[in-house]
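Here the structure comes first, spelled out in structure tokens, and everything after it is commentary.
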Amino acid sequence: MNIMFVLLFVGVMVDMVCVASLSSYSFDSYLTEIPNCSYPNAQVKRNTISFNPIVVKSFHENEDLTDYWQLFYNITWASPDSKVDFHYKVQLQQRTSMKPLTVWSLYLCEENPSKSHDVNHPFYLVEALFTHEALFQVVPGLGGMPASDRVTFVKFNTPDCYESTKDRDFCATQSVVYSGAPADLRLIDVTKYLIDDALVPSFEWLDPVQVNTLANVVLYMVSIKNENDVTILFDMIYHQGDVERYTWEAAGDNNDGKELQENICYKITVTPYISSPHLNMEIVPGFDSELLFWTNVTRVVEDQSADAS
């Protein structure tokens, strides 16, 4: 009995010592001084990560020799410490209808990140899918294991397939979660109406080449912003199934008193919104189509009634 009491007492004392030693650290300092991580403060800075897309045209190995396009990314970053010979744990994820993007959650550098790849230098060449949301993440490593638990990640969109290749036949066969960007967005003209000194640019675009087979485009949101990213005009155009080409004039009551000025550069953004039964009929945005344009007058009209006639 006395021996058992002594053992129990010693066990309690050990627990008290451990608790006391942990309580002397803040939670943050405890995480950064864990013995499992060889360089616990090492982290790739996000502003050093660069994404360089490469579009390559090749051929299917079939009788038709159909054009086939591939997208690669050369991703580079700066070492968190040039004096240390780090390798890196990296991964490029792409969102699918069934698989969301997931950021690594490392604990005490005790295991490798899920589905990571090892690279010995601060760059990574990887194939990607067009028209997808993507997530790149990287953590420094040493000796085959993470050197710290500080994961750096960046979310981005890969290029729209049709905008990158102008190959409608190929892109129509490529998967997409919601939809690609409206196709062939362009400025038609810039009309100046003398009667009220109004400036009205006209635009046109086509439906996206890529649309999820279980979804439909229901409307387009259109906005025009100036160089300070201030919205000058906003409008909504409902999708019409029998319309192939959409034409829109940047005029009306949606400008909140703001007016387009002559000989100024603006940006128009057209965003398709998608509805689908598997989205519980929610309306979600697809990929944007953007165009920078100048309001250089291409024609002058006395008034809008004369233009209509």
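Here's how to read the names in the structure tokens: chain A, B, ... by the order shown, residue numbers from 1 in each chain, ligand numbers from 1 in the order shown.
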request  = as a ChimeraX atom specification, please: all residues of segment 49-275 of chain A that backbone DSSP puts in strand (DSSP E).
outcome  = /A:50-59,67-76,87-94,117-119,123-128,133-142,145-146,152-157,183-193,198-206,216-225,231-238,245-249,265-275
Practice problem: Mind checking which residues fall within 7 Å of Trp294 of chain A, counting only C-alpha atoms, ignoring those fewer than 3 positions away in the same chain, and posting them as number ranges by chain? | Solution: A: 263-266
Exercise for review: Pick out the residues sitting within 12 Å of Ser82 of chain A, and hand them over as a list of chain:residue names; count only C-alpha atoms, and ignore anything fewer than 6 positions along from it in its own chain.
Suggested key: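 Result of the neighbour search: A:Ala42, A:Val44, A:His121, A:Pro122, A:Pro140.
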Which residues are near His278 of chain A? Cut-off 10 Å, only C-alpha atoms, ignore same chain within fewer than 5 positions. Put them as a ChimeraX atom specification.
/A:97,214-215
Item to complete: Fewer than 6 positions away in the same chain doesn't count, so skip those; otherwise give me all residues within 7 Å of Pro272 of chain A, counting only C-alpha atoms, as a list in words.
Response: Pro182, Val217, Leu219, Tyr220, Met221, Pro285 and Gly286 of chain A
Exercise. Closest to Asp196 of chain A among A:Glu259, A:Thr269, A:Lys115, A:Lys166, using only C-alpha atoms?
Worked result: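 Among the listed residues, the smallest separation from Asp196 of chain A belongs to A:Glu259.
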Shortest contact to Ile268 of chain A, candidates A:Arg95, A:Arg245, A:Arg186, A:His239, atoms counted only C-alpha atoms, goes to A:Arg186
Near-Asp169 of chain A list (10 Å; only C-alpha atoms; drop same-chain fewer than 2 positions) as JSON, numbers by chain: {"A": [66, 67, 68, 162, 166, 167, 171, 172, 173, 174, 209]}
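The residue that comes closest to Ala134 of chain A, out of A:His117, A:Lys57, A:Arg150, A:Lys99 and on the basis of only C-alpha atoms, is A:Lys99.
Rounded to one decimal, atom CA of Thr76 of chain A and atom CA of Ser148 of chain A lie 19.2 Å from each other.
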_Shell of 8 Å around Ser116 of chain A, only C-alpha atoms, local chain residues under 4 positions omitted, as an NGL selection string_ = :A and (89-91 or 112)
From a DSSP pass on the backbone, collect the residues of segment 32-196 of chain A flagged as helix (DSSP H, G or I) and hand them back as number ranges by chain.
A: 32, 46-48, 161-165, 168-171
Nearest-residue call for Gly241 of chain A, choices A:Leu206, A:Pro277, A:Lys83, A:Asp184, using only C-alpha atoms
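The answer is A:Leu206, which sits nearest to Gly241 of chain A.
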**Item:** Among the residues A:Ile274, A:Ala198, A:Ala128, A:Cys161, the one that comes closest to Gln93 of chain A [using only C-alpha atoms]
**Value:**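 Under the stated criterion, the closest residue is A:Ala128.
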